[in-house]
Every structure is written in structure tokens, then in C-alpha cells.
Amino acid sequence: MSLNYAYCRIYQKTMKFAVNFLDWTPPKLLKGAGAVKELPKLIKSEGVNNVLVVTDKGLMGLHLLDSLFEGLEAEGIKYSVFDGVQPNPTIYNIEDALKIYKENNCEGFIAFGGGSPMDCAKVTAARVVKPNQTPSQMRGVLKILKKLPPFYAVPTTAGTGSECTIAAVISNPDTHEKNSIMDPVLRPKYAVLDPELTAGLPPHITSTTGMDALTHAVEAYIGKSNTKQTEEDALIATKLVFENIEKAYEDGKNLEARENMLVASYHAGLAFTRAYVGYVHAIAHNLGGMYNIPHGLANAVILPYVLDYFGETAYKRLAELADVAGVSGPAQGDREKAKNFIAAIRELNKKMNIPDKFEQIKDEDIPLIAERALKEGNPLYPVPKIMNIEDCKALIKKLQK
């Protein structure tokens, strides 16, 4: 264990130093109600005349893309649509989207939707520039390293932060495994934060995607690879989530709360894409791969359990989050503040009807889930406390209903 621990920490320190040499320029923003209508003019101004719109059938059925399509037509921009993205996008979704892109001689991408369309579009764009490399071969860090075609991201959920991250996650339905791909070239150059696009989100999507954003902020902040900027972004995101998630959940038409949640998701994305996430995501990715549990839901349920596991190694940082979230008492010490913060997360989940355990987890699957989670998490994620296989299996067991 000690050798593994030392290796993990050396790897993480090396990565923290190395990433200073990467391009961390954030996306340029179009923000505010109706901002999506400004996107076609921007695309045209950049000399892009033919795009692939990557989305899903649910959003198409809601006609959320109508104003975008009208704007593209008005600007004389050709567009093709791939709307076959699944909730956990697969390697087959990538190939289907790539085929449409090539057949129609597209020049760029518009990813429209939640994290799934964005991840699908990112990896499809990577396949355009690396045609001989499969998503499985891209798994890990810095496996692409080639400039992608022009890429515009339009989030319709306030959670994933994919519009500003260097990460994408693609499932292999044959092996029930998820491929986490991280490379700065995957970060979109433009992001559109339009609260009108999120106003129709059902409450359960609002809650779970919002808790996904909170998970990003928390895991980034308590980890060991922060910069001053990632700390600031994580604090902004945490404060905004605690102030707005219940308002957005209870009143979906509250555009101020909706916009604040989009901004929270964006800042959380900026935080974790450089400072990384942790074991919450490692376990959530593999529960998603094994049982198709939606990612935001998985994160929301797992988060307090992992924070409990970290114990005193995370108390100081969690106490600081408790302060900005407004859930700590003035005379409390770090331990009490940290425990208040974890309790506040459980209370948020309860108020928004998010369960505290999973019915899907089977005893016989736990060893494989744990093995895959730690394969993802160690040595990459700079968590406060290194988890071994027995710790991981015990934690997953606690998630079982």
C-alpha cells in the first residue's frame, strides 16, 4: 500500500507541474436569455459554412433547436444533424456521427444538449483529426494532441460543465466499460449559456445535473492539484449551487436561478477540468457503465459517502466550502463545519427526492466495479486520501439498497 501511495502522489505532483505548460484558455461566452440566437452570426463570422449539429432525439422532439436552425439558415450555413446520442454515449454513436460528418463535408461541430451530446461531439471531432485512433485508444491523458475542427457548445442542462472541460466519457456497451478521455484540444472554443434552453427541464433532471455541478466543484476543491483560479472557480460554483438549485428545482421558469445554475456549472467545469475530480466520479462512471445509471444521479448519491470516507483529510477544505455555502456556524471548528457541509448535501438530495442508495448494485458486481473505479482513480485523481481495493468495495457496499 505504501509503495502504491507513494507512486500515486509522485504521479499527481508530476502531472500538476506538467499541466502548467498546456493551453488553459477558457471558452469565449455568449450569455443570457436568447443567447443561442447569436450563435449563427458568430459561426458565419469565423468563415464556417457547414456544421454537424450533435444532439439527442428528446431535444429534437421538444423543438429546442428550432431557433438555432432558423438562424443557421438565415446566415446561409449548411447543417446536418446527428440526434442519435444515447444518455451514456457509446463508441457506436461516435462512428454514426462521424459518418454523417464526412458524408456531408462538414467543417465544424455544434454540440447541443447535456454532457452526452457534448462528449459525443468531442470524441467525434477527435476521430476527424485522428481517423486511425479508436475512442478506446484515446482513453487516458493527452492521447489526441491535434487541433479539432471549430467547436461550439450549447448546454441545455446546468451540470456537466462539458462546455468548458477537456474531458469526455464514452461507453463501450459490449464490455460495460467507460473510456475517460482527457486532452486540452477537447475544450470547446465557444460556449452559449442561455437559461431559456434549460427552463423546460424536468425537476429530477434539474436536481441531478445541479448536484453533478456541485460534485465537480467539491472534488476539485478538496483535491491536491488546485491553482488559485481553480479554487476561486470552485468556490463561486459551490455558492451559486447552494443559493439557486432549490429555486430552479421548484420553479423551472425562474430564469435568474436557471442562469445562475448555468454559470455555476461553467465555473465548476473550469475548476475540475484542471484540478481533476476524484473517487465520486470514478465510482459513478463505473456504475453508469455497469447499470446505465445517469451520471448526475450517481454523483449526487455517492458524494456524501466519499466525503465521509475522506474524514479528517478533507475537513479543512470542506469547512471552507461550508462557509461559502452558508451552512456553518460562526463558532464551529473545521470538523463540525465539514460535517455540516456533508449533512447539507444529504439534505439537498432529500429535498429534491434523490435517493440515498442504489437498488441496482449486485454483490457479485462489486469487485469488478471497485477494480475499474480504482483503475480510473489511481494514480490520476489527486484525492485527499488514497483508496485501496478493500476500501472501495466497502464503500460501494454502503451504496447498496
# chains A, B, ... in the order shown; residues from 1 in each chain; ligands from 1

call {"tool": "select_by_dssp", "arguments": {"residues": "region 157-345 of chain A", "states": "strand (DSSP E)", "output": "PyMOL selection string"}}
result
chain A and resi 167-172+177-182+190-193

call {"tool": "write_last_selection", "arguments": {"atoms": "C-alpha atoms", "output": "PDB file, in the first residue's frame"}}
result
ATOM      1  CA  ALA A 167     -12.734  15.678 -20.816  1.00  0.00           C
ATOM      2  CA  ALA A 168     -15.159  13.288 -22.490  1.00  0.00           C
ATOM      3  CA  VAL A 169     -16.526   9.917 -21.376  1.00  0.00           C
ATOM      4  CA  ILE A 170     -17.614   7.281 -23.895  1.00  0.00           C
ATOM      5  CA  SER A 171     -19.190   3.890 -23.094  1.00  0.00           C
ATOM      6  CA  ASN A 172     -18.441   0.541 -24.639  1.00  0.00           C
ATOM      7  CA  GLU A 177     -16.876  -0.043 -19.523  1.00  0.00           C
ATOM      8  CA  LYS A 178     -16.447   3.705 -19.803  1.00  0.00           C
ATOM      9  CA  ASN A 179     -13.493   5.377 -21.504  1.00  0.00           C
ATOM     10  CA  SER A 180     -12.442   8.664 -19.877  1.00  0.00           C
ATOM     11  CA  ILE A 181     -10.565  10.810 -22.395  1.00  0.00           C
ATOM     12  CA  MET A 182      -8.715  13.976 -21.342  1.00  0.00           C
ATOM     13  CA  TYR A 190     -17.179  28.920 -27.644  1.00  0.00           C
ATOM     14  CA  ALA A 191     -19.936  28.223 -25.122  1.00  0.00           C
ATOM     15  CA  VAL A 192     -23.513  29.516 -25.094  1.00  0.00           C
ATOM     16  CA  LEU A 193     -25.156  29.912 -21.660  1.00  0.00           C
TER      17      LEU A 193
END

call {"tool": "residues_around", "arguments": {"residues": "Pro184 (chain A)", "least_positions_apart": "4", "cutoff": "12 Å", "atoms": "only C-alpha atoms", "output": "CSV table (one decimal) with N, CA and C atoms, in the first residue's frame"}}
result
chain,number,residue,atom,x,y,z
A,19,VAL,N,0.9,20.1,-16.4
A,19,VAL,CA,-0.2,20.8,-17.0
A,19,VAL,C,-0.1,22.3,-17.1
A,20,ASN,N,0.9,22.8,-16.3
A,20,ASN,CA,1.2,24.3,-16.4
A,20,ASN,C,1.6,24.7,-17.8
A,21,PHE,N,2.0,23.7,-18.6
A,21,PHE,CA,2.5,24.1,-19.9
A,21,PHE,C,1.4,23.9,-21.0
A,22,LEU,N,0.2,23.5,-20.6
A,22,LEU,CA,-0.9,23.3,-21.5
A,22,LEU,C,-1.7,24.6,-21.7
A,23,ASP,N,-2.5,24.6,-22.8
A,23,ASP,CA,-3.3,25.8,-23.0
A,23,ASP,C,-4.6,25.7,-22.2
A,24,TRP,N,-4.8,26.6,-21.3
A,24,TRP,CA,-5.9,26.6,-20.4
A,24,TRP,C,-6.9,27.8,-20.7
A,25,THR,N,-6.8,28.3,-21.9
A,25,THR,CA,-7.7,29.4,-22.3
A,25,THR,C,-9.2,29.0,-22.2
A,26,PRO,N,-10.0,29.7,-21.4
A,26,PRO,CA,-11.4,29.3,-21.3
A,26,PRO,C,-12.1,29.6,-22.6
A,27,PRO,N,-13.3,28.9,-22.8
A,27,PRO,CA,-14.1,29.3,-24.0
A,27,PRO,C,-14.6,30.7,-23.9
A,122,LYS,N,-17.3,15.9,-29.0
A,122,LYS,CA,-15.9,16.0,-28.7
A,122,LYS,C,-15.1,14.8,-29.3
A,126,ALA,N,-12.5,14.4,-32.4
A,126,ALA,CA,-11.2,13.9,-32.3
A,126,ALA,C,-11.0,12.8,-33.3
A,141,VAL,N,-4.9,10.4,-20.8
A,141,VAL,CA,-4.5,11.8,-20.8
A,141,VAL,C,-3.6,12.0,-22.0
A,142,LEU,N,-3.9,13.1,-22.8
A,142,LEU,CA,-3.0,13.6,-23.9
A,142,LEU,C,-2.8,12.6,-24.9
A,143,LYS,N,-3.9,11.9,-25.4
A,143,LYS,CA,-3.7,11.0,-26.5
A,143,LYS,C,-4.1,11.5,-27.9
A,144,ILE,N,-4.6,12.8,-27.9
A,144,ILE,CA,-5.1,13.3,-29.2
A,144,ILE,C,-4.1,14.4,-29.7
A,145,LEU,N,-3.9,15.5,-29.0
A,145,LEU,CA,-2.8,16.4,-29.3
A,145,LEU,C,-2.9,17.0,-30.7
A,146,LYS,N,-4.1,17.1,-31.3
A,146,LYS,CA,-4.2,17.7,-32.6
A,146,LYS,C,-5.4,18.6,-32.6
A,147,LYS,N,-5.3,19.8,-33.2
A,147,LYS,CA,-6.4,20.8,-33.1
A,147,LYS,C,-7.6,20.2,-33.8
A,148,LEU,N,-8.8,20.4,-33.1
A,148,LEU,CA,-10.1,19.9,-33.6
A,148,LEU,C,-10.7,20.9,-34.6
A,164,CYS,N,-16.9,23.6,-21.1
A,164,CYS,CA,-15.6,24.2,-20.8
A,164,CYS,C,-14.5,23.2,-20.3
A,165,THR,N,-14.8,21.9,-20.5
A,165,THR,CA,-13.8,20.9,-20.0
A,165,THR,C,-13.0,20.3,-21.1
A,166,ILE,N,-11.9,19.7,-20.6
A,166,ILE,CA,-11.0,19.0,-21.5
A,166,ILE,C,-11.3,17.5,-21.5
A,167,ALA,N,-12.4,17.1,-21.0
A,167,ALA,CA,-12.7,15.7,-20.8
A,167,ALA,C,-14.0,15.2,-21.6
A,168,ALA,N,-14.0,13.9,-21.9
A,168,ALA,CA,-15.2,13.3,-22.5
A,168,ALA,C,-15.2,11.8,-22.0
A,188,PRO,N,-14.2,23.1,-25.9
A,188,PRO,CA,-14.8,23.9,-27.0
A,188,PRO,C,-14.2,25.4,-26.9
A,189,LYS,N,-14.3,26.0,-28.1
A,189,LYS,CA,-13.7,27.4,-28.2
A,189,LYS,C,-14.8,28.4,-27.8
A,270,LEU,N,-14.7,24.7,-15.2
A,270,LEU,CA,-13.3,25.3,-15.2
A,270,LEU,C,-12.5,24.7,-14.1
A,273,THR,N,-11.7,20.6,-14.6
A,273,THR,CA,-11.0,20.2,-15.8
A,273,THR,C,-9.5,20.4,-15.6
A,274,ARG,N,-9.1,21.3,-14.7
A,274,ARG,CA,-7.7,21.5,-14.4
A,274,ARG,C,-7.3,20.8,-13.1

call {"tool": "atom_distance", "arguments": {"atom1": "CA of Arg335 (chain A)", "atom2": "CA of Lys397 (chain A)"}}
result
25.4 Å

call {"tool": "residues_around", "arguments": {"residues": "Thr227 (chain A)", "least_positions_apart": "4", "cutoff": "12 Å", "atoms": "only C-alpha atoms", "output": "ChimeraX atom specification"}}
result
/A:16-17,19-20,24,220-223,231-234,270-276

call {"tool": "select_by_dssp", "arguments": {"residues": "region 72-321 of chain A", "states": "helix (DSSP H, G or I)", "output": "PyMOL selection string"}}
result
chain A and resi 72-74+91-103+115-129+135-138+162-164+184-186+195-197+203-222+228-250+255-275+279-291+295-321

call {"tool": "atom_distance", "arguments": {"atom1": "CA of Ala343 (chain A)", "atom2": "CA of Ser328 (chain A)"}}
result
10.8 Å

call {"tool": "closest_residue", "arguments": {"among": "A:Asn299, A:Asn132, A:Asn4, A:Asn104", "to": "Asn286 (chain A)", "atoms": "only C-alpha atoms"}}
result
A:Asn299

call {"tool": "closest_residue", "arguments": {"among": "A:Thr175, A:Asn378, A:Asn353, A:Thr230", "to": "Pro203 (chain A)", "atoms": "only C-alpha atoms"}}
result
A:Asn353

call {"tool": "residues_around", "arguments": {"residues": "Phe82 (chain A)", "least_positions_apart": "4", "cutoff": "8 Å", "atoms": "only C-alpha atoms", "output": "list in words"}}
result
Leu52, Val53, Val54, Thr55, Asp56, Asp96, Ala97 and Ile100 of chain A

call {"tool": "write_last_selection", "arguments": {"atoms": "C-alpha atoms", "output": "PDB file, in the first residue's frame"}}
result
ATOM      1  CA  LEU A  52     -22.774  18.994 -37.834  1.00  0.00           C
ATOM      2  CA  VAL A  53     -25.252  19.517 -35.001  1.00  0.00           C
ATOM      3  CA  VAL A  54     -24.906  16.747 -32.411  1.00  0.00           C
ATOM      4  CA  THR A  55     -27.902  16.346 -30.099  1.00  0.00           C
ATOM      5  CA  ASP A  56     -30.489  13.788 -28.974  1.00  0.00           C
ATOM      6  CA  ASP A  96     -22.528   7.074 -36.668  1.00  0.00           C
ATOM      7  CA  ALA A  97     -21.910  10.794 -36.113  1.00  0.00           C
ATOM      8  CA  ILE A 100     -22.685  11.907 -41.223  1.00  0.00           C
TER       9      ILE A 100
END

call {"tool": "closest_residue", "arguments": {"among": "A:Glu336, A:Glu243, A:Glu347, A:Glu371", "to": "Asp391 (chain A)", "atoms": "only C-alpha atoms"}}
result
A:Glu371

call {"tool": "residues_around", "arguments": {"residues": "Ser207 (chain A)", "least_positions_apart": "4", "cutoff": "8 Å", "atoms": "only C-alpha atoms", "output": "list in words"}}
result
Pro203, Met211, Ile245, Glu246, Tyr249, Met352 and Ile354 of chain A

call {"tool": "atom_distance", "arguments": {"atom1": "CA of Gly200 (chain A)", "atom2": "CA of Ala298 (chain A)"}}
result
22.2 Å

call {"tool": "residues_around", "arguments": {"residues": "Pro355 (chain A)", "least_positions_apart": "6", "cutoff": "10 Å", "atoms": "only C-alpha atoms", "output": "list in words"}}
result
Leu297, Ala298, Ala300, Val301, Arg346, Asn349 and Lys401 of chain A

call {"tool": "closest_residue", "arguments": {"among": "A:Arg317, A:Arg258, A:His176, A:Lys57", "to": "Thr90 (chain A)", "atoms": "only C-alpha atoms"}}
result
A:His176

call {"tool": "closest_atom_pairs", "arguments": {"of": "region 183-265 of chain A", "to": "region 32-39 of chain A", "cutoff": "12 Å", "atoms": "only C-alpha atoms", "output": "CSV"}}
result
residue,atom,partner,partner_atom,distance
A:Tyr190,CA,A:Leu39,CA,9.2
A:Ala191,CA,A:Leu39,CA,9.3
A:Val192,CA,A:Val36,CA,6.2
A:Leu193,CA,A:Gly32,CA,6.3
A:Asp194,CA,A:Ala33,CA,5.1
A:Pro195,CA,A:Ala33,CA,5.6
A:Glu196,CA,A:Ala33,CA,5.6
A:Leu197,CA,A:Gly34,CA,8.4
A:Thr198,CA,A:Ala33,CA,10.3
A:Ala199,CA,A:Ala33,CA,10.4
A:Lys253,CA,A:Ala33,CA,11.9
A:Asn254,CA,A:Ala33,CA,11.6
A:Leu255,CA,A:Ala33,CA,7.9
A:Glu256,CA,A:Ala33,CA,9.5
A:Ala257,CA,A:Gly32,CA,12.0
A:Arg258,CA,A:Ala33,CA,10.0
A:Glu259,CA,A:Gly32,CA,7.2
A:Asn260,CA,A:Gly32,CA,10.2
A:Leu262,CA,A:Gly32,CA,10.0
A:Val263,CA,A:Gly32,CA,10.2
